[in-house]
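**Student:** I have a structure I would like to understand better, so I am pasting it below and will then ask my questions one at a time.
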Amino acid sequence: MSRSAVPKKAQILVLGGGPAGSYTACMLALEGFDVVLLEAAKFPRYHIGESMLPSCPQFLKLIDLEETVENFGFCNKPGAALKLVGEKKEAYTDFIRTHPENRSWNVTRADFDEILLRHAEKVGVKVFEETRAFSIKFVNDNPKGRPLAVKWQNIIDRNVSGTVSFEYLVDATGRDGIMAQKYLKHRKVNTSLRNVACWGYWKGAGVYGVGTSRENAPWFEAHTEESGWNWFIPLHNGMTSVGVVINEDAGNQRKLAAKRANGGVASTLKRHYLDCLQLSPGLIDLLGDAKLLEDGPYPVVQSASDFSYNAPTYSGDHYRLIGDAAAFIDPFFSSGVHLALTGGLAAAVSIASSIRGEYSETEGCKYHDAKIGVAYTRFLVVVLSAYKQMRAQNRSVLSDFDEDNFDRAFDIIRPVIQGDADVGRRMSEDELQKLIALCGSALLPVDPEVYARVVSRLDTKLVDPRGAIVTPEEIDLLVPNDLEARLVLKEINARKSTGGLFLTISDSFEEVTAGFSARVHRGNIGLISHAPKANSTSGFSIQVGKARPSHLPHLLLLFFGVVLALLFHQYGTFGVV
């Protein structure tokens, strides 16, 4: 669209055209709402974060984009390999073994993000690129109140600027987060995850699992000195994304040591990057004779802070925060786009219900906040459990959680830890440390042959991946003298508890949060009210079809349930990516 075509008024204004913003805009435009999207960059534009989760295709199906992305030719991602302990075999998470539809991709984000943005245009979103929002006007000039209008400016021709008013605002401006950083000022960095990332692209690298069902799965490996981890992600264009995530202090110490060893001359970013790659010998083996790409359109090695952060709220009167504008979690479990689309859908259904007068803004905001808060906290817990194993330390992490969000999630898993239904009190530091430790074995690395052998001889109801969750204690009683069966059953039940990482959207999110679930029928998306019942707990949900409350008791264990009770101290592996 032309630079001067930004309208003076919109029903819904979306700031940011990344996955979160484009997805929300698509969902709302498909409902017939008037949606305007402002994006500061010109697409396609580069972005890191190439590894997708199996939930991604399922989210895309809701906006009729799954087939388009599938046909683009991105590298298929059948699972993921993780090596957290040097002397032990890597764990492997097989996405498609039990559910072929759970495949995902390793993507080039410039292409993936542009596909989403162009689809938004196709379904009726008015998209304006190279247009930056630089200030927001609020009712009574109160930044904690309702936003009314945004001042924008074209970044190429600064003489082109204007103001657009709106009824609803969706902030998807990424880490810059105009609402969170400039106005709300409520973002909190998690001190346990102050990391720095650096990365580059290689040509001629090897392939993990070549010739097997694991071929092209990404590889994630902890540093031998317990300072962080490295990634190895094959891409469809023949390149391999190879990166380093290192604790900020540890990284600075390595740079200082290199400077001393080099006669006082500071190490370059490239030298630091190559040095850190040596901390993951399995990754070095995969690189083989590969060459670092030095003649591409981007810097040879790029770097960015990788601090995880969240906030006490992600919405307010007629506005929603989504994607990295809301919260960011360490990328060890490739959760970025998953959380972006999760938040985008929450924003869309809550705004749709508000517009239609079904529920109040207060109710919609409560749902949106709880959904993003719990999703973030779930990933935070499993990320911290992985880091605890990588770093082999036992430090307090209690202060890093937003207590309200954590308590909501912890209420779901407390009965698994304690063996009772006590949900009325705050967690103790001891309980939290127990949670982090036990969470370290979400999926056990059972060989496919063993898995097939066990499944063929056990009762089909017992091995049904969509059946009720069976606790580790129950499994031990059912097959007390059958080690193979115990391992397979614990893996199956761990997968039941990993939410959007493996299951379909309808199975993964059919829970209730803040008294609501989400209705995602085309032309009638919105919230579904679930009257609270005595002594009930609240999870969170995306509903495809009618509410099915009979499933809630087991689905409330979503993501955590059995994960927490697997034998971490015995197997020491973690495999949810």
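Letters for chains follow the order of the structure tokens (A, B, ...), residue numbers begin at 1 for each chain, and ligand numbers begin at 1 in the order shown.
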Mind the document's chain letters and residue numbers, and return as a ChimeraX atom specification the residues of stretch 94-177 of chain A that DSSP labels helix (DSSP H, G or I).
**Tutor:** /A:100-102,109-122,139-141,174-176
**Student:** Residues of the last selection are to be written out with C-alpha atoms, as a JSON list (two decimals), in the first residue's frame.
**Tutor:**
```
[["chain", "number", "residue", "atom", "x", "y", "z"],
["A", 100, "PRO", "CA", 2.15, -38.27, 12.12],
["A", 101, "GLU", "CA", 0.25, -34.96, 12.03],
["A", 102, "ASN", "CA", 2.63, -33.64, 14.69],
["A", 109, "ARG", "CA", 12.19, -16.87, 9.37],
["A", 110, "ALA", "CA", 12.45, -14.27, 6.61],
["A", 111, "ASP", "CA", 10.36, -16.59, 4.43],
["A", 112, "PHE", "CA", 8.06, -17.93, 7.13],
["A", 113, "ASP", "CA", 7.22, -14.53, 8.55],
["A", 114, "GLU", "CA", 6.58, -13.06, 5.11],
["A", 115, "ILE", "CA", 4.19, -15.90, 4.26],
["A", 116, "LEU", "CA", 2.19, -15.00, 7.38],
["A", 117, "LEU", "CA", 2.19, -11.27, 6.66],
["A", 118, "ARG", "CA", 1.18, -11.70, 3.01],
["A", 119, "HIS", "CA", -1.60, -14.03, 4.09],
["A", 120, "ALA", "CA", -2.83, -11.31, 6.43],
["A", 121, "GLU", "CA", -3.06, -8.98, 3.44],
["A", 122, "LYS", "CA", -4.84, -11.67, 1.45],
["A", 139, "VAL", "CA", -7.68, 8.52, 27.79],
["A", 140, "ASN", "CA", -6.86, 11.42, 30.13],
["A", 141, "ASP", "CA", -3.19, 10.96, 29.15],
["A", 174, "GLY", "CA", 8.67, -7.61, 19.86],
["A", 175, "ARG", "CA", 11.28, -7.03, 22.53],
["A", 176, "ASP", "CA", 11.05, -3.26, 22.02]]
```
**Student:** Skipping near chain neighbours, those fewer than 3 positions away, what residues fall within 12 Å of A:Asp275 using only C-alpha atoms, listed as an MDAnalysis selection string?
**Tutor:** chainID A and resid 198 223 230 243:244 246 251 254:255 257:258 267:272 278:281 284
**Student:** Between A:Ala80, A:Ile528, A:Ala347, A:Val242, which is the closest to A:Ala25 once you count only C-alpha atoms?
**Tutor:**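 Of all the options, A:Ala347 lies closest to A:Ala25.
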**Student:** When distances are computed from only C-alpha atoms, which of A:Tyr376, A:Phe95, A:Phe128, A:Tyr359 shows the smallest separation from A:His338?
**Tutor:**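 Closest residue, counting only C-alpha atoms: A:Tyr376.
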**Student:** Could you go through stretch 248-420 of chain A and tell me which residues DSSP, when run on the backbone, assigns to strand (DSSP E), listing them as a PyMOL selection string?
**Tutor:** chain A and resi 291-292+302-305+309-310+315-316+319-321
**Student:** Choose the residue, out of A:Gly145, A:Gly21, A:Pro78, A:Gly364, that has the smallest atom-to-atom separation from A:Pro234; count only C-alpha atoms.
**Tutor:**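 Among A:Gly145, A:Gly21, A:Pro78, A:Gly364, it is A:Pro78 that comes nearest to A:Pro234.
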**Student:** Find the spatial neighbours of stretch 291-305 of chain A, counting only C-alpha atoms, within a cut-off of 8 Å - ignore same-chain residues fewer than 4 positions away - and output them as a PyMOL selection string.
**Tutor:** chain A and resi 195-205+269-270+273
**Student:** Using only C-alpha atoms, please write the residues we just selected to a file, as a PDB file, in the first residue's frame.
**Tutor:**
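This went into again03.pdb:
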```pdb
ATOM      1  CA  ASN A 195      22.125 -15.217  28.732  1.00  0.00           C
ATOM      2  CA  VAL A 196      23.716 -13.930  25.542  1.00  0.00           C
ATOM      3  CA  ALA A 197      23.365 -15.619  22.158  1.00  0.00           C
ATOM      4  CA  CYS A 198      25.620 -15.529  19.108  1.00  0.00           C
ATOM      5  CA  TRP A 199      25.198 -17.451  15.888  1.00  0.00           C
ATOM      6  CA  GLY A 200      26.197 -17.943  12.288  1.00  0.00           C
ATOM      7  CA  TYR A 201      25.354 -20.061   9.250  1.00  0.00           C
ATOM      8  CA  TRP A 202      27.408 -22.954   7.920  1.00  0.00           C
ATOM      9  CA  LYS A 203      27.585 -24.714   4.577  1.00  0.00           C
ATOM     10  CA  GLY A 204      28.460 -28.372   4.110  1.00  0.00           C
ATOM     11  CA  ALA A 205      27.565 -29.549   7.615  1.00  0.00           C
ATOM     12  CA  LEU A 269      32.904 -11.900  18.278  1.00  0.00           C
ATOM     13  CA  LYS A 270      33.758 -14.491  15.636  1.00  0.00           C
ATOM     14  CA  TYR A 273      31.719 -17.774  18.861  1.00  0.00           C
TER      15      TYR A 273
END
```
**Student:** For stretch 42-56 of chain A, find every residue with an atom within 6 Å (counting only C-alpha atoms), except residues of its own chain fewer than 3 positions away, and show them as a VMD selection string.
**Tutor:** chain A and resid 59 102 to 110 114 129 to 130 334 500 to 502
**Student:** If we count only C-alpha atoms and set the cut-off at 9 Å, which residues sit around A:Ala172, ignoring sequence neighbours fewer than 2 positions away in its own chain? Please answer as a tab-separated table (two decimals) with C-alpha atoms, in the first residue's frame.
**Tutor:**
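Result saved to result_27.tsv:
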```tsv
chain	number	residue	atom	x	y	z
A	14	VAL	CA	-2.04	-4.25	15.30
A	15	LEU	CA	1.51	-3.01	15.84
A	16	GLY	CA	4.07	-5.46	14.46
A	17	GLY	CA	3.94	-7.92	11.57
A	18	GLY	CA	5.87	-10.84	13.04
A	19	PRO	CA	4.16	-14.19	13.69
A	20	ALA	CA	2.20	-12.93	16.71
A	21	GLY	CA	0.90	-9.78	15.04
A	22	SER	CA	0.19	-11.33	11.65
A	170	VAL	CA	-2.67	-5.23	19.82
A	174	GLY	CA	8.67	-7.61	19.86
A	175	ARG	CA	11.28	-7.03	22.53
A	177	GLY	CA	7.49	-3.58	23.30
A	178	ILE	CA	6.20	-0.02	23.04
A	320	ARG	CA	-3.47	-6.80	24.38
A	321	LEU	CA	0.26	-7.59	24.48
A	322	ILE	CA	1.42	-10.67	22.56
A	323	GLY	CA	4.60	-12.42	21.43
A	324	ASP	CA	7.91	-10.99	22.61
A	325	ALA	CA	6.13	-7.72	23.41
A	326	ALA	CA	4.50	-9.63	26.26
A	340	ALA	CA	3.51	-16.02	19.88
A	344	GLY	CA	-2.16	-14.20	19.29
```
**Student:** Which residues are close to A:Asn310, i.e. within 7 Å by only C-alpha atoms, leaving aside same-chain residues fewer than 4 positions away? Reply as a list of chain:residue names.
**Tutor:**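 Answer for this query is A:Arg187, A:Lys188, A:Val189, A:Ala326, A:Ala327, A:Phe328.
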**Student:** Emit the selected residues as an mmCIF file, in the first residue's frame, including C-alpha atoms.
**Tutor:**
```cif
data_model
loop_
_atom_site.group_PDB
_atom_site.id
_atom_site.type_symbol
_atom_site.label_atom_id
_atom_site.label_comp_id
_atom_site.auth_asym_id
_atom_site.auth_seq_id
_atom_site.Cartn_x
_atom_site.Cartn_y
_atom_site.Cartn_z
ATOM 1 C CA ARG A 187 8.665 -5.847 32.456
ATOM 2 C CA LYS A 188 10.715 -8.074 34.775
ATOM 3 C CA VAL A 189 13.903 -9.884 33.730
ATOM 4 C CA ALA A 326 4.499 -9.627 26.258
ATOM 5 C CA ALA A 327 7.150 -12.082 27.448
ATOM 6 C CA PHE A 328 10.230 -13.945 26.267
#
```
**Student:** Rank A:Val123, A:Glu473, A:Lys371, A:Arg146 by their smallest atom-to-atom distance to A:Ala29, using only C-alpha atoms, and report the top residue only.
**Tutor:**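 Once distances to A:Ala29 are computed over only C-alpha atoms, the minimum belongs to A:Val123.
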**Student:** Do a neighbour search on A:Leu256 at 12 Å with only C-alpha atoms, toss out local chain neighbours closer than 6 positions, and write the hits as a list of chain:residue names.
**Tutor:**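 So the residues in contact are A:Asp249, A:Ala250, A:Asn262, A:Gly263, A:Gly264, A:Val265, A:Ala266, A:Ser267, A:Thr268, A:His272.
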**Student:** Export N, CA and C atoms of the chosen residues as a PDB file, in the first residue's frame?
**Tutor:**
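So out30.pdb came out as:
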```pdb
ATOM      1  N   ASP A 249      27.637 -13.808  32.514  1.00  0.00           N
ATOM      2  CA  ASP A 249      28.871 -13.730  33.293  1.00  0.00           C
ATOM      3  C   ASP A 249      29.921 -14.705  32.777  1.00  0.00           C
ATOM      4  N   ALA A 250      29.486 -15.933  32.457  1.00  0.00           N
ATOM      5  CA  ALA A 250      30.429 -16.926  31.941  1.00  0.00           C
ATOM      6  C   ALA A 250      31.010 -16.481  30.610  1.00  0.00           C
ATOM      7  N   ASN A 262      45.796 -13.432  24.816  1.00  0.00           N
ATOM      8  CA  ASN A 262      46.164 -12.810  23.543  1.00  0.00           C
ATOM      9  C   ASN A 262      46.937 -11.511  23.751  1.00  0.00           C
ATOM     10  N   GLY A 263      47.609 -11.413  24.886  1.00  0.00           N
ATOM     11  CA  GLY A 263      48.453 -10.251  25.145  1.00  0.00           C
ATOM     12  C   GLY A 263      47.699  -8.953  25.317  1.00  0.00           C
ATOM     13  N   GLY A 264      46.472  -9.039  25.831  1.00  0.00           N
ATOM     14  CA  GLY A 264      45.693  -7.832  26.080  1.00  0.00           C
ATOM     15  C   GLY A 264      44.822  -7.395  24.922  1.00  0.00           C
ATOM     16  N   VAL A 265      44.852  -8.141  23.813  1.00  0.00           N
ATOM     17  CA  VAL A 265      44.014  -7.813  22.657  1.00  0.00           C
ATOM     18  C   VAL A 265      42.672  -8.528  22.802  1.00  0.00           C
ATOM     19  N   ALA A 266      41.592  -7.766  22.739  1.00  0.00           N
ATOM     20  CA  ALA A 266      40.262  -8.335  22.934  1.00  0.00           C
ATOM     21  C   ALA A 266      39.912  -9.325  21.829  1.00  0.00           C
ATOM     22  N   SER A 267      39.208 -10.365  22.213  1.00  0.00           N
ATOM     23  CA  SER A 267      38.760 -11.365  21.249  1.00  0.00           C
ATOM     24  C   SER A 267      37.627 -10.806  20.396  1.00  0.00           C
ATOM     25  N   THR A 268      37.621 -11.158  19.132  1.00  0.00           N
ATOM     26  CA  THR A 268      36.519 -10.737  18.257  1.00  0.00           C
ATOM     27  C   THR A 268      35.287 -11.595  18.544  1.00  0.00           C
ATOM     28  N   HIS A 272      35.195 -15.550  19.618  1.00  0.00           N
ATOM     29  CA  HIS A 272      34.448 -15.970  20.806  1.00  0.00           C
ATOM     30  C   HIS A 272      33.417 -17.036  20.441  1.00  0.00           C
TER      31      HIS A 272
END
```
